[in-house]
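Visitor: Have a peek at data.cif (mmCIF, C-alpha atoms (C1' of nucleotides)).
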```cif
data_start
loop_
_atom_site.label_atom_id
_atom_site.label_comp_id
_atom_site.auth_asym_id
_atom_site.auth_seq_id
_atom_site.Cartn_x
_atom_site.Cartn_y
_atom_site.Cartn_z
CA MET A 1 -7.40 7.15 19.51
CA ALA A 2 -10.81 5.52 19.50
CA LEU A 3 -12.44 5.32 16.11
CA ASP A 4 -16.13 5.64 15.49
CA LYS A 5 -18.20 4.01 12.78
CA ILE A 6 -17.60 6.81 10.30
CA ASP A 7 -13.82 6.79 10.82
CA ARG A 8 -13.76 3.07 10.17
CA LYS A 9 -15.82 3.53 7.00
CA ILE A 10 -13.40 6.19 5.81
CA LEU A 11 -10.42 3.93 6.50
CA THR A 12 -12.08 1.02 4.70
CA LEU A 13 -12.49 3.18 1.62
CA LEU A 14 -8.95 4.58 1.78
CA GLN A 15 -7.44 1.14 2.26
CA ARG A 16 -9.13 0.10 -0.98
CA ASP A 17 -8.48 3.23 -3.02
CA ALA A 18 -6.53 6.21 -1.77
CA THR A 19 -7.23 8.27 -4.89
CA MET A 20 -10.89 8.72 -4.03
CA PRO A 21 -11.74 12.43 -3.69
CA VAL A 22 -12.61 13.61 -0.19
CA ALA A 23 -15.95 14.87 -1.47
CA GLU A 24 -16.90 11.40 -2.66
CA ILE A 25 -15.73 9.75 0.56
CA GLY A 26 -17.84 12.26 2.43
CA ARG A 27 -20.86 11.43 0.33
CA LYS A 28 -20.43 7.70 0.97
CA VAL A 29 -20.14 8.10 4.73
CA GLY A 30 -22.86 10.74 4.94
CA LEU A 31 -20.69 13.77 5.58
CA SER A 32 -19.83 16.89 3.65
CA THR A 33 -16.32 17.61 2.49
CA THR A 34 -14.88 19.67 5.36
CA PRO A 35 -15.60 17.42 8.37
CA CYS A 36 -14.61 14.38 6.35
CA TRP A 37 -11.36 16.09 5.40
CA ARG A 38 -10.72 17.01 9.04
CA ARG A 39 -11.22 13.41 10.15
CA ILE A 40 -8.73 12.15 7.58
CA GLN A 41 -6.29 14.87 8.58
CA LYS A 42 -6.57 13.88 12.23
CA MET A 43 -6.02 10.21 11.51
CA GLU A 44 -2.89 11.12 9.57
CA GLU A 45 -1.59 13.25 12.45
CA ASP A 46 -2.35 10.45 14.89
CA GLY A 47 -0.37 8.07 12.70
CA ILE A 48 -3.32 5.76 12.16
CA ILE A 49 -2.90 6.42 8.47
CA GLN A 50 0.84 5.94 8.04
CA ARG A 51 1.22 6.74 4.37
CA ARG A 52 -0.28 6.47 0.93
CA VAL A 53 1.58 4.28 -1.51
CA ALA A 54 1.38 2.83 -4.99
CA VAL A 55 1.04 -0.95 -5.05
CA LEU A 56 2.78 -2.63 -7.99
CA ASP A 57 2.13 -5.94 -9.71
CA PRO A 58 4.92 -8.28 -8.52
CA VAL A 59 4.89 -10.38 -11.70
CA LYS A 60 5.11 -7.32 -13.93
CA VAL A 61 8.13 -5.95 -12.10
CA ASN A 62 9.69 -9.42 -12.24
CA VAL A 63 9.55 -10.48 -8.62
CA GLY A 64 6.86 -13.12 -8.96
CA VAL A 65 8.53 -15.62 -6.62
CA THR A 66 8.13 -15.40 -2.85
CA VAL A 67 10.46 -17.28 -0.52
CA PHE A 68 9.94 -17.59 3.22
CA VAL A 69 13.24 -17.79 5.01
CA SER A 70 13.39 -19.15 8.56
CA VAL A 71 16.41 -18.41 10.71
CA LYS A 72 17.46 -20.03 13.96
CA THR A 73 20.28 -18.55 15.96
CA ASN A 74 22.16 -18.92 19.20
CA GLU A 75 22.62 -15.18 19.62
CA HIS A 76 19.60 -14.17 21.63
CA ASN A 77 20.69 -10.70 22.62
CA ASP A 78 19.40 -7.33 21.59
CA SER A 79 22.54 -5.98 19.94
CA TRP A 80 22.79 -8.96 17.59
CA MET A 81 19.17 -8.45 16.62
CA ARG A 82 19.89 -4.84 15.78
CA LYS A 83 22.84 -5.84 13.66
CA PHE A 84 20.77 -8.42 11.83
CA SER A 85 18.01 -5.90 11.35
CA GLY A 86 20.50 -3.41 9.89
CA VAL A 87 21.73 -5.98 7.39
CA ILE A 88 18.21 -6.86 6.32
CA ASP A 89 17.39 -3.20 5.76
CA GLU A 90 20.01 -3.15 3.02
CA PHE A 91 18.16 -5.83 1.08
CA PRO A 92 15.12 -4.53 -0.79
CA GLU A 93 14.26 -8.14 -1.67
CA VAL A 94 13.27 -8.66 1.97
CA VAL A 95 9.83 -7.11 2.18
CA GLU A 96 8.83 -8.50 5.59
CA PHE A 97 10.83 -9.50 8.64
CA TYR A 98 9.54 -10.86 11.94
CA ARG A 99 10.95 -11.95 15.25
CA MET A 100 9.23 -15.20 16.09
CA SER A 101 8.38 -17.24 19.13
CA GLY A 102 8.79 -21.00 18.96
CA ASP A 103 11.58 -22.96 17.36
CA VAL A 104 12.25 -20.46 14.58
CA ASP A 105 13.77 -17.17 15.75
CA TYR A 106 13.28 -15.01 12.68
CA LEU A 107 11.11 -15.25 9.59
CA MET A 108 11.38 -13.14 6.47
CA ARG A 109 9.55 -12.90 3.20
CA VAL A 110 11.82 -12.41 0.22
CA VAL A 111 10.70 -11.55 -3.32
CA VAL A 112 12.82 -12.46 -6.34
CA PRO A 113 12.39 -13.26 -10.05
CA ASP A 114 13.33 -16.95 -9.81
CA ILE A 115 15.26 -19.62 -7.92
CA GLY A 116 18.56 -18.46 -9.36
CA ALA A 117 18.09 -14.95 -8.07
CA TYR A 118 17.19 -16.37 -4.68
CA ASP A 119 20.45 -18.27 -4.61
CA THR A 120 22.33 -15.06 -5.36
CA PHE A 121 20.44 -13.27 -2.61
CA TYR A 122 21.14 -16.08 -0.17
CA LYS A 123 24.87 -15.98 -0.83
CA ARG A 124 24.99 -12.23 -0.43
CA LEU A 125 23.05 -12.48 2.82
CA ILE A 126 25.23 -15.08 4.51
CA SER A 127 28.33 -13.18 3.43
CA LYS A 128 27.13 -10.18 5.43
CA ILE A 129 26.20 -11.93 8.64
CA ASN A 130 26.88 -15.31 10.18
CA LEU A 131 23.71 -17.38 10.28
CA THR A 132 23.82 -20.89 11.70
CA ASP A 133 20.51 -22.44 10.73
CA VAL A 134 18.63 -21.14 7.70
CA SER A 135 15.82 -22.87 5.83
CA SER A 136 13.92 -21.67 2.79
CA ALA A 137 10.36 -22.46 1.72
CA PHE A 138 9.24 -21.49 -1.78
CA ALA A 139 5.76 -20.25 -2.59
CA MET A 140 4.27 -21.69 -5.75
CA GLY A 141 1.73 -18.93 -5.98
CA GLN A 142 0.24 -15.97 -4.17
CA ILE A 143 -3.45 -16.69 -3.66
CA LYS A 144 -4.27 -13.64 -1.57
CA TYR A 145 -2.37 -10.48 -0.78
CA THR A 146 -3.85 -7.36 0.69
CA THR A 147 -2.48 -4.29 2.41
CA ALA A 148 -5.90 -3.70 4.00
CA LEU A 149 -6.01 -4.48 7.70
CA PRO A 150 -9.25 -5.68 9.30
CA LEU A 151 -10.94 -2.88 11.23
CA ASP A 152 -13.30 -5.06 13.22
CA PHE A 153 -10.92 -5.00 16.17
CA ALA A 154 -10.24 -1.27 16.25
CA ILE A 155 -11.11 0.44 19.51
CA ILE A 156 -14.61 1.79 19.17
CA SER A 157 -15.52 5.09 20.79
CA ASP A 158 -18.15 4.76 23.53
CA ASP A 159 -20.80 6.95 21.98
CA ASP A 160 -21.00 4.80 18.89
CA LYS A 161 -23.36 1.93 18.37
CA MET B 1 6.37 -3.85 -20.71
CA ALA B 2 10.05 -2.94 -20.39
CA LEU B 3 10.79 -0.10 -18.01
CA ASP B 4 13.54 2.44 -18.51
CA LYS B 5 15.55 4.23 -15.85
CA ILE B 6 13.06 7.08 -15.55
CA ASP B 7 10.09 4.75 -15.16
CA ARG B 8 11.86 2.93 -12.37
CA LYS B 9 12.66 6.22 -10.65
CA ILE B 10 9.02 7.22 -10.88
CA LEU B 11 7.91 3.90 -9.41
CA THR B 12 10.41 4.18 -6.59
CA LEU B 13 8.97 7.54 -5.64
CA LEU B 14 5.36 6.40 -5.91
CA GLN B 15 6.02 3.28 -3.86
CA ARG B 16 7.27 5.56 -1.09
CA ASP B 17 4.67 8.30 -1.33
CA ALA B 18 1.76 8.23 -3.71
CA THR B 19 0.59 11.71 -2.74
CA MET B 20 3.53 13.39 -4.42
CA PRO B 21 2.34 15.80 -7.15
CA VAL B 22 3.21 14.83 -10.70
CA ALA B 23 5.05 18.12 -11.18
CA GLU B 24 7.39 17.30 -8.30
CA ILE B 25 7.96 13.76 -9.50
CA GLY B 26 8.76 15.18 -12.91
CA ARG B 27 11.24 17.59 -11.41
CA LYS B 28 12.99 14.79 -9.51
CA VAL B 29 13.33 12.57 -12.56
CA GLY B 30 14.23 15.40 -14.91
CA LEU B 31 10.99 15.63 -16.85
CA SER B 32 8.25 18.20 -17.15
CA THR B 33 4.74 17.49 -15.91
CA THR B 34 3.07 16.24 -19.08
CA PRO B 35 5.45 13.46 -20.16
CA CYS B 36 5.81 12.35 -16.55
CA TRP B 37 2.05 12.21 -16.17
CA ARG B 38 1.77 10.22 -19.39
CA ARG B 39 4.31 7.65 -18.17
CA ILE B 40 2.40 7.17 -14.93
CA GLN B 41 -0.85 6.87 -16.86
CA LYS B 42 0.65 4.21 -19.10
CA MET B 43 1.99 2.19 -16.20
CA GLU B 44 -1.46 2.26 -14.64
CA GLU B 45 -3.06 1.08 -17.88
CA ASP B 46 -0.47 -1.68 -18.19
CA GLY B 47 -1.31 -2.79 -14.67
CA ILE B 48 2.24 -2.27 -13.42
CA ILE B 49 0.78 0.17 -10.92
CA GLN B 50 -2.14 -1.82 -9.55
CA ARG B 51 -3.63 0.68 -7.15
CA ARG B 52 -2.97 3.42 -4.64
CA VAL B 53 -3.85 2.65 -1.08
CA ALA B 54 -3.62 4.03 2.44
CA VAL B 55 -1.35 2.02 4.73
CA LEU B 56 -2.48 1.93 8.35
CA ASP B 57 -0.54 1.36 11.56
CA PRO B 58 -1.36 -2.21 12.66
CA VAL B 59 -0.88 -1.47 16.36
CA LYS B 60 -3.13 1.60 16.23
CA VAL B 61 -5.97 -0.32 14.63
CA ASN B 62 -5.44 -3.08 17.17
CA VAL B 63 -4.04 -5.88 15.02
CA GLY B 64 -0.50 -5.80 16.34
CA VAL B 65 -0.08 -9.57 16.44
CA THR B 66 0.88 -11.55 13.34
CA VAL B 67 0.45 -15.30 13.19
CA PHE B 68 1.80 -17.51 10.43
CA VAL B 69 -0.45 -20.48 9.88
CA SER B 70 0.88 -23.53 8.04
CA VAL B 71 -1.56 -26.02 6.57
CA LYS B 72 -0.88 -29.51 5.28
CA THR B 73 -3.59 -31.36 3.42
CA ASN B 74 -4.27 -34.58 1.56
CA GLU B 75 -6.54 -32.90 -0.95
CA HIS B 76 -4.17 -31.92 -3.73
CA ASN B 77 -6.71 -31.08 -6.40
CA ASP B 78 -7.63 -27.79 -7.93
CA SER B 79 -11.26 -27.66 -6.85
CA TRP B 80 -10.37 -28.07 -3.19
CA MET B 81 -7.86 -25.26 -3.50
CA ARG B 82 -10.54 -23.03 -4.94
CA LYS B 83 -12.87 -23.87 -2.08
CA PHE B 84 -10.18 -23.15 0.48
CA SER B 85 -9.35 -19.92 -1.28
CA GLY B 86 -13.02 -18.90 -1.19
CA VAL B 87 -13.18 -19.52 2.55
CA ILE B 88 -10.04 -17.50 3.18
CA ASP B 89 -11.41 -14.57 1.19
CA GLU B 90 -14.16 -14.24 3.78
CA PHE B 91 -11.62 -13.65 6.53
CA PRO B 92 -10.19 -10.13 6.55
CA GLU B 93 -7.76 -11.26 9.25
CA VAL B 94 -5.92 -13.27 6.59
CA VAL B 95 -3.87 -10.68 4.77
CA GLU B 96 -1.61 -13.04 2.82
CA PHE B 97 -2.11 -16.55 1.53
CA TYR B 98 0.35 -18.71 -0.43
CA ARG B 99 0.44 -22.12 -1.99
CA MET B 100 3.75 -23.65 -0.99
CA SER B 101 6.17 -26.26 -2.23
CA GLY B 102 7.78 -28.58 0.30
CA ASP B 103 6.20 -30.21 3.32
CA VAL B 104 3.74 -27.38 4.03
CA ASP B 105 1.00 -26.99 1.42
CA TYR B 106 -0.38 -23.57 2.33
CA LEU B 107 0.90 -20.67 4.38
CA MET B 108 -1.08 -17.67 5.53
CA ARG B 109 -0.36 -14.55 7.50
CA VAL B 110 -3.10 -13.63 9.94
CA VAL B 111 -3.36 -10.36 11.88
CA VAL B 112 -5.25 -10.17 15.18
CA PRO B 113 -5.20 -8.13 18.41
CA ASP B 114 -3.99 -10.94 20.68
CA ILE B 115 -3.79 -14.68 21.26
CA GLY B 116 -7.40 -14.86 22.36
CA ALA B 117 -8.62 -13.35 19.11
CA TYR B 118 -6.43 -15.78 17.20
CA ASP B 119 -8.10 -18.67 18.98
CA THR B 120 -11.50 -17.32 17.98
CA PHE B 121 -10.32 -16.95 14.39
CA TYR B 122 -8.91 -20.47 14.39
CA LYS B 123 -12.17 -21.99 15.60
CA ARG B 124 -14.18 -20.09 13.01
CA LEU B 125 -11.78 -21.20 10.28
CA ILE B 126 -11.84 -24.91 11.04
CA SER B 127 -15.62 -24.79 11.32
CA LYS B 128 -15.81 -23.61 7.71
CA ILE B 129 -13.47 -26.14 6.14
CA ASN B 130 -11.92 -29.42 7.19
CA LEU B 131 -8.21 -29.01 7.76
CA THR B 132 -6.15 -31.99 8.87
CA ASP B 133 -2.80 -30.56 9.87
CA VAL B 134 -2.55 -26.95 11.01
CA SER B 135 0.27 -25.32 12.90
CA SER B 136 0.60 -21.74 14.10
CA ALA B 137 3.71 -19.66 14.67
CA PHE B 138 3.42 -16.34 16.51
CA ALA B 139 5.46 -13.28 15.64
CA MET B 140 6.82 -11.39 18.63
CA GLY B 141 7.39 -8.29 16.57
CA GLN B 142 7.42 -6.88 13.08
CA ILE B 143 10.95 -5.68 12.39
CA LYS B 144 10.42 -4.73 8.76
CA TYR B 145 7.36 -4.37 6.59
CA THR B 146 7.22 -2.66 3.26
CA THR B 147 4.83 -2.64 0.35
CA ALA B 148 7.65 -1.46 -1.91
CA LEU B 149 8.91 -4.13 -4.30
CA PRO B 150 12.55 -4.09 -5.43
CA LEU B 151 12.86 -2.73 -8.96
CA ASP B 152 16.37 -3.99 -9.62
CA PHE B 153 14.98 -7.03 -11.42
CA ALA B 154 12.48 -5.24 -13.65
CA ILE B 155 12.96 -5.75 -17.35
CA ILE B 156 15.06 -2.90 -18.65
CA SER B 157 14.41 -1.47 -22.09
CA ASP B 158 17.32 -1.95 -24.53
CA ASP B 159 17.99 1.70 -25.25
CA ASP B 160 18.68 2.45 -21.61
CA LYS B 161 22.06 2.44 -20.01
"C1'" DA C 1 -19.68 19.31 15.07
"C1'" DG C 2 -21.74 20.53 10.60
"C1'" DT C 3 -22.34 23.46 5.93
"C1'" DG C 4 -21.05 26.40 1.76
"C1'" DA C 5 -18.22 28.82 -0.81
"C1'" DA C 6 -13.89 31.14 -1.89
"C1'" DA C 7 -8.79 30.63 -2.82
"C1'" DC C 8 -5.28 27.77 -4.04
"C1'" DT C 9 -3.07 23.57 -5.96
"C1'" DT C 10 -2.93 19.78 -8.97
"C1'" DC C 11 -4.55 17.21 -12.79
"C1'" DC C 12 -5.20 16.32 -17.52
"C1'" DG C 13 -6.32 17.17 -22.35
"C1'" DC C 14 -4.89 20.11 -26.52
"C1'" DC C 15 -1.61 21.75 -29.49
"C1'" DG C 16 3.08 22.64 -31.00
"C1'" DT C 17 7.99 20.97 -31.27
"C1'" DA D 1 8.50 11.34 -27.12
"C1'" DC D 2 9.00 16.06 -24.55
"C1'" DG D 3 7.20 20.73 -23.27
"C1'" DG D 4 3.76 24.71 -22.42
"C1'" DC D 5 -0.62 26.42 -21.77
"C1'" DG D 6 -5.39 26.52 -19.90
"C1'" DG D 7 -9.74 24.76 -18.30
"C1'" DA D 8 -11.54 21.21 -15.06
"C1'" DA D 9 -11.27 19.06 -10.76
"C1'" DG D 10 -9.73 18.38 -6.07
"C1'" DT D 11 -7.94 20.26 -1.79
"C1'" DT D 12 -7.70 23.32 2.00
"C1'" DT D 13 -9.02 27.37 4.59
"C1'" DC D 14 -12.50 30.60 6.28
"C1'" DA D 15 -16.77 32.61 7.79
"C1'" DC D 16 -21.12 31.18 9.55
"C1'" DT D 17 -24.92 28.06 11.67
#
```
I'd like the structure from this file rewritten - as structure tokens, please.
Guide:
Amino acid sequence: MALDKIDRKILTLLQRDATMPVAEIGRKVGLSTTPCWRRIQKMEEDGIIQRRVAVLDPVKVNVGVTVFVSVKTNEHNDSWMRKFSGVIDEFPEVVEFYRMSGDVDYLMRVVVPDIGAYDTFYKRLISKINLTDVSSAFAMGQIKYTTALPLDFAIISDDDK
Amino acid sequence: MALDKIDRKILTLLQRDATMPVAEIGRKVGLSTTPCWRRIQKMEEDGIIQRRVAVLDPVKVNVGVTVFVSVKTNEHNDSWMRKFSGVIDEFPEVVEFYRMSGDVDYLMRVVVPDIGAYDTFYKRLISKINLTDVSSAFAMGQIKYTTALPLDFAIISDDDK
DNA sequence: AGTGAAACTTCCGCCGT
DNA sequence: ACGGCGGAAGTTTCACT
């Protein structure tokens, strides 16, 4: 699963624009079409490339407001977590969900059109599962958002300087 | 910029899998290739579809740890924000960055391999810009992450039931 | 592992409804 | 706006170095 310099270049390009033809990617990384195609294929099989998706403009689809919701709970067992997780899966407004260390137990990012819609979401959420301590923090604006992960930390194959 | 039922179906499919051929999308939404292709084209021109990207597995590219970094500041002017924003842009580890309301002024999501790498990031960050009050919260696990935005709130065209 | 080209699939503009 | 057709372009396999 080690990636060499060329693999990382390919991934950098695909993280920016997944519509780029394999031939052009090959040209940019100094490879002809076939080996470049095989590398991409392999990274898909290995699950390094999970999927290719369309990224939409949040404002234009009317979910310009992000709310971070922190949850504290007394239920620290695995089955409760799974139940919670199942409930969250039913809410497409929740786009990210993390189990945290520290004083907050769970953190989620919720996208909605406005404060009113958030209130509706909140009521629907607490009706589905009992949550003791919930606090919401509203984002006034998204300054940076990228799906591109940094590749500087990826395991580098030995024979690659 | 109003979207009808078919447009929303198309977007749902493309948010899941952007490699799906236009002919197949058309079939699924009850349209032939050409009009379906034209709708997608239009939504790209309108900027509703921003881009198509490859989504990578964070663990497999060695950035399995997410840290949420909260920043409070005394500098509440626009030029300072722009400077901060410029600094953040230089850090690929910061994948999301929000201006917040409430007691925290800024919130960012940072992805790194481990705590040690976060410490390195943190030192590099504070060396670039003076930050008074910074606090970090570590995620123990990502339970849900999707790039797909909910389309239930999108503006619906009048002649669409 | 790399190249080149052939076979197949998909895209995308043109024209008609 | 929707649909069909056809050339252009991209993808994927194959034979060879």
Visitor: What's the 12 Å shell around DA7 of chain C, counting all atoms listed in the file, without same-chain residues fewer than 4 positions away, as a list in words?
Guide: DT11, DT12, DT13 and DC14 of chain D
Visitor: Could you spell out the hits of the PyMOL selection byres ((chain B) within 10 of (chain D)) on the shown file, as number ranges by chain?
Guide: B: 31-36
Visitor: Include C-alpha atoms and write out the residues we just selected as a short mmCIF file (atom, residue, chain, number, x, y, z; two decimals), in the coordinates of the input.
Guide:
```cif
data_model
loop_
_atom_site.label_atom_id
_atom_site.label_comp_id
_atom_site.auth_asym_id
_atom_site.auth_seq_id
_atom_site.Cartn_x
_atom_site.Cartn_y
_atom_site.Cartn_z
CA LEU B 31 10.99 15.63 -16.85
CA SER B 32 8.25 18.20 -17.15
CA THR B 33 4.74 17.49 -15.91
CA THR B 34 3.07 16.24 -19.08
CA PRO B 35 5.45 13.46 -20.16
CA CYS B 36 5.81 12.35 -16.55
#
```
Visitor: The coordinates of chain B, once least-squares superposed on chain A over all sequentially paired C-alpha atoms, should be supplied as a CSV table (one decimal) with C-alpha atoms, in the frame of the given file.
Guide:
```
chain,number,residue,atom,x,y,z
B,1,MET,CA,-7.4,7.1,19.6
B,2,ALA,CA,-10.8,5.5,19.5
B,3,LEU,CA,-12.5,5.3,16.1
B,4,ASP,CA,-16.2,5.7,15.5
B,5,LYS,CA,-18.2,4.0,12.8
B,6,ILE,CA,-17.6,6.8,10.3
B,7,ASP,CA,-13.9,6.8,10.8
B,8,ARG,CA,-13.8,3.1,10.2
B,9,LYS,CA,-15.8,3.5,7.0
B,10,ILE,CA,-13.4,6.2,5.8
B,11,LEU,CA,-10.5,3.9,6.5
B,12,THR,CA,-12.1,1.0,4.7
B,13,LEU,CA,-12.5,3.2,1.6
B,14,LEU,CA,-9.0,4.6,1.8
B,15,GLN,CA,-7.4,1.2,2.3
B,16,ARG,CA,-9.1,0.1,-1.0
B,17,ASP,CA,-8.5,3.3,-3.0
B,18,ALA,CA,-6.5,6.2,-1.8
B,19,THR,CA,-7.2,8.3,-4.9
B,20,MET,CA,-10.8,8.7,-4.0
B,21,PRO,CA,-11.7,12.5,-3.7
B,22,VAL,CA,-12.6,13.6,-0.2
B,23,ALA,CA,-16.0,14.9,-1.5
B,24,GLU,CA,-16.9,11.4,-2.7
B,25,ILE,CA,-15.7,9.7,0.5
B,26,GLY,CA,-17.8,12.2,2.4
B,27,ARG,CA,-20.8,11.4,0.3
B,28,LYS,CA,-20.4,7.7,0.9
B,29,VAL,CA,-20.1,8.1,4.7
B,30,GLY,CA,-22.9,10.7,4.9
B,31,LEU,CA,-20.7,13.7,5.6
B,32,SER,CA,-19.9,16.9,3.7
B,33,THR,CA,-16.4,17.6,2.5
B,34,THR,CA,-15.0,19.7,5.3
B,35,PRO,CA,-15.7,17.4,8.3
B,36,CYS,CA,-14.6,14.4,6.3
B,37,TRP,CA,-11.4,16.0,5.4
B,38,ARG,CA,-10.8,17.0,9.0
B,39,ARG,CA,-11.3,13.4,10.1
B,40,ILE,CA,-8.8,12.1,7.6
B,41,GLN,CA,-6.3,14.9,8.6
B,42,LYS,CA,-6.6,13.9,12.2
B,43,MET,CA,-6.1,10.2,11.5
B,44,GLU,CA,-2.9,11.1,9.6
B,45,GLU,CA,-1.6,13.3,12.4
B,46,ASP,CA,-2.4,10.5,14.9
B,47,GLY,CA,-0.4,8.1,12.7
B,48,ILE,CA,-3.3,5.8,12.2
B,49,ILE,CA,-2.9,6.4,8.5
B,50,GLN,CA,0.8,6.0,8.0
B,51,ARG,CA,1.2,6.7,4.4
B,52,ARG,CA,-0.3,6.5,0.9
B,53,VAL,CA,1.6,4.3,-1.5
B,54,ALA,CA,1.4,2.8,-5.0
B,55,VAL,CA,1.1,-1.0,-5.0
B,56,LEU,CA,2.8,-2.6,-8.0
B,57,ASP,CA,2.1,-6.0,-9.7
B,58,PRO,CA,4.9,-8.3,-8.5
B,59,VAL,CA,4.9,-10.4,-11.7
B,60,LYS,CA,5.1,-7.3,-13.9
B,61,VAL,CA,8.1,-6.0,-12.1
B,62,ASN,CA,9.7,-9.4,-12.2
B,63,VAL,CA,9.5,-10.5,-8.6
B,64,GLY,CA,6.9,-13.1,-8.9
B,65,VAL,CA,8.5,-15.6,-6.6
B,66,THR,CA,8.1,-15.4,-2.8
B,67,VAL,CA,10.5,-17.3,-0.5
B,68,PHE,CA,10.0,-17.6,3.2
B,69,VAL,CA,13.3,-17.8,5.0
B,70,SER,CA,13.4,-19.2,8.6
B,71,VAL,CA,16.4,-18.4,10.7
B,72,LYS,CA,17.5,-20.0,14.0
B,73,THR,CA,20.3,-18.6,16.0
B,74,ASN,CA,22.2,-18.9,19.2
B,75,GLU,CA,22.6,-15.2,19.6
B,76,HIS,CA,19.6,-14.2,21.6
B,77,ASN,CA,20.7,-10.7,22.6
B,78,ASP,CA,19.4,-7.4,21.6
B,79,SER,CA,22.6,-6.0,20.0
B,80,TRP,CA,22.8,-9.0,17.6
B,81,MET,CA,19.2,-8.5,16.6
B,82,ARG,CA,19.9,-4.9,15.8
B,83,LYS,CA,22.9,-5.9,13.7
B,84,PHE,CA,20.8,-8.5,11.8
B,85,SER,CA,18.0,-5.9,11.4
B,86,GLY,CA,20.5,-3.4,9.9
B,87,VAL,CA,21.7,-6.0,7.4
B,88,ILE,CA,18.2,-6.9,6.3
B,89,ASP,CA,17.4,-3.2,5.8
B,90,GLU,CA,20.0,-3.1,3.0
B,91,PHE,CA,18.2,-5.8,1.1
B,92,PRO,CA,15.1,-4.5,-0.8
B,93,GLU,CA,14.3,-8.1,-1.7
B,94,VAL,CA,13.3,-8.7,2.0
B,95,VAL,CA,9.9,-7.1,2.2
B,96,GLU,CA,8.8,-8.5,5.6
B,97,PHE,CA,10.9,-9.5,8.6
B,98,TYR,CA,9.6,-10.9,12.0
B,99,ARG,CA,11.0,-11.9,15.2
B,100,MET,CA,9.3,-15.2,16.1
B,101,SER,CA,8.4,-17.3,19.1
B,102,GLY,CA,8.8,-21.0,19.0
B,103,ASP,CA,11.6,-23.0,17.3
B,104,VAL,CA,12.3,-20.5,14.6
B,105,ASP,CA,13.8,-17.2,15.7
B,106,TYR,CA,13.3,-15.0,12.7
B,107,LEU,CA,11.1,-15.2,9.6
B,108,MET,CA,11.4,-13.1,6.5
B,109,ARG,CA,9.6,-12.9,3.2
B,110,VAL,CA,11.8,-12.4,0.2
B,111,VAL,CA,10.7,-11.5,-3.3
B,112,VAL,CA,12.8,-12.5,-6.3
B,113,PRO,CA,12.4,-13.3,-10.0
B,114,ASP,CA,13.3,-17.0,-9.8
B,115,ILE,CA,15.3,-19.6,-7.9
B,116,GLY,CA,18.6,-18.5,-9.4
B,117,ALA,CA,18.1,-15.0,-8.1
B,118,TYR,CA,17.2,-16.4,-4.7
B,119,ASP,CA,20.5,-18.3,-4.6
B,120,THR,CA,22.3,-15.1,-5.4
B,121,PHE,CA,20.4,-13.3,-2.6
B,122,TYR,CA,21.1,-16.1,-0.2
B,123,LYS,CA,24.9,-16.0,-0.8
B,124,ARG,CA,25.0,-12.2,-0.4
B,125,LEU,CA,23.1,-12.5,2.8
B,126,ILE,CA,25.2,-15.1,4.5
B,127,SER,CA,28.3,-13.2,3.4
B,128,LYS,CA,27.1,-10.2,5.4
B,129,ILE,CA,26.2,-11.9,8.7
B,130,ASN,CA,26.9,-15.3,10.2
B,131,LEU,CA,23.7,-17.4,10.3
B,132,THR,CA,23.8,-20.9,11.7
B,133,ASP,CA,20.5,-22.5,10.7
B,134,VAL,CA,18.6,-21.2,7.7
B,135,SER,CA,15.8,-22.9,5.8
B,136,SER,CA,13.9,-21.7,2.8
B,137,ALA,CA,10.4,-22.5,1.7
B,138,PHE,CA,9.2,-21.5,-1.8
B,139,ALA,CA,5.8,-20.2,-2.6
B,140,MET,CA,4.2,-21.7,-5.8
B,141,GLY,CA,1.7,-18.9,-6.0
B,142,GLN,CA,0.2,-15.9,-4.2
B,143,ILE,CA,-3.4,-16.7,-3.6
B,144,LYS,CA,-4.3,-13.6,-1.6
B,145,TYR,CA,-2.4,-10.5,-0.8
B,146,THR,CA,-3.8,-7.3,0.7
B,147,THR,CA,-2.5,-4.3,2.4
B,148,ALA,CA,-5.9,-3.7,4.0
B,149,LEU,CA,-6.0,-4.5,7.7
B,150,PRO,CA,-9.2,-5.7,9.3
B,151,LEU,CA,-10.9,-2.9,11.2
B,152,ASP,CA,-13.3,-5.0,13.2
B,153,PHE,CA,-10.9,-5.0,16.2
B,154,ALA,CA,-10.2,-1.3,16.3
B,155,ILE,CA,-11.1,0.5,19.5
B,156,ILE,CA,-14.6,1.8,19.2
B,157,SER,CA,-15.5,5.1,20.8
B,158,ASP,CA,-18.2,4.8,23.5
B,159,ASP,CA,-20.8,7.0,22.0
B,160,ASP,CA,-21.0,4.9,18.9
B,161,LYS,CA,-23.5,2.1,18.4
```
Visitor: Determine, using all atoms listed in the file, which residues of chain C have any atom at most 12 Å from an atom of chain A, and tabulate each with its shortest atom pair and distance in Å to one decimal place, rows ordered by chain and then rising number, as JSON lines.
Guide:
```
{"residue": "C:DA1", "atom": "C1'", "partner": "A:Pro35", "partner_atom": "CA", "distance": 8.1}
{"residue": "C:DG2", "atom": "C1'", "partner": "A:Pro35", "partner_atom": "CA", "distance": 7.2}
{"residue": "C:DT3", "atom": "C1'", "partner": "A:Ser32", "partner_atom": "CA", "distance": 7.4}
{"residue": "C:DG4", "atom": "C1'", "partner": "A:Ser32", "partner_atom": "CA", "distance": 9.8}
{"residue": "C:DA5", "atom": "C1'", "partner": "A:Thr34", "partner_atom": "CA", "distance": 11.5}
```
Visitor: Taking all atoms listed in the file into account, find every residue of chain A that has an atom no more than 6 Å from chain B, and write it out as a PyMOL selection string.
Guide: chain A and resi 14-18+48-57+60-62+92-93+95-101+138-146+150+153-154
Visitor: Output as lines of an AutoDock Vina configuration file the centre and edge lengths (Å, one decimal) of the box along x, y and z of the file that holds every listed atom of segment 26-38 of chain A after adding 8 Å on each side.
Guide:
```
center_x = -16.8
center_y = 13.7
center_z = 4.7
size_x = 28.1
size_y = 28.0
size_z = 24.7
```
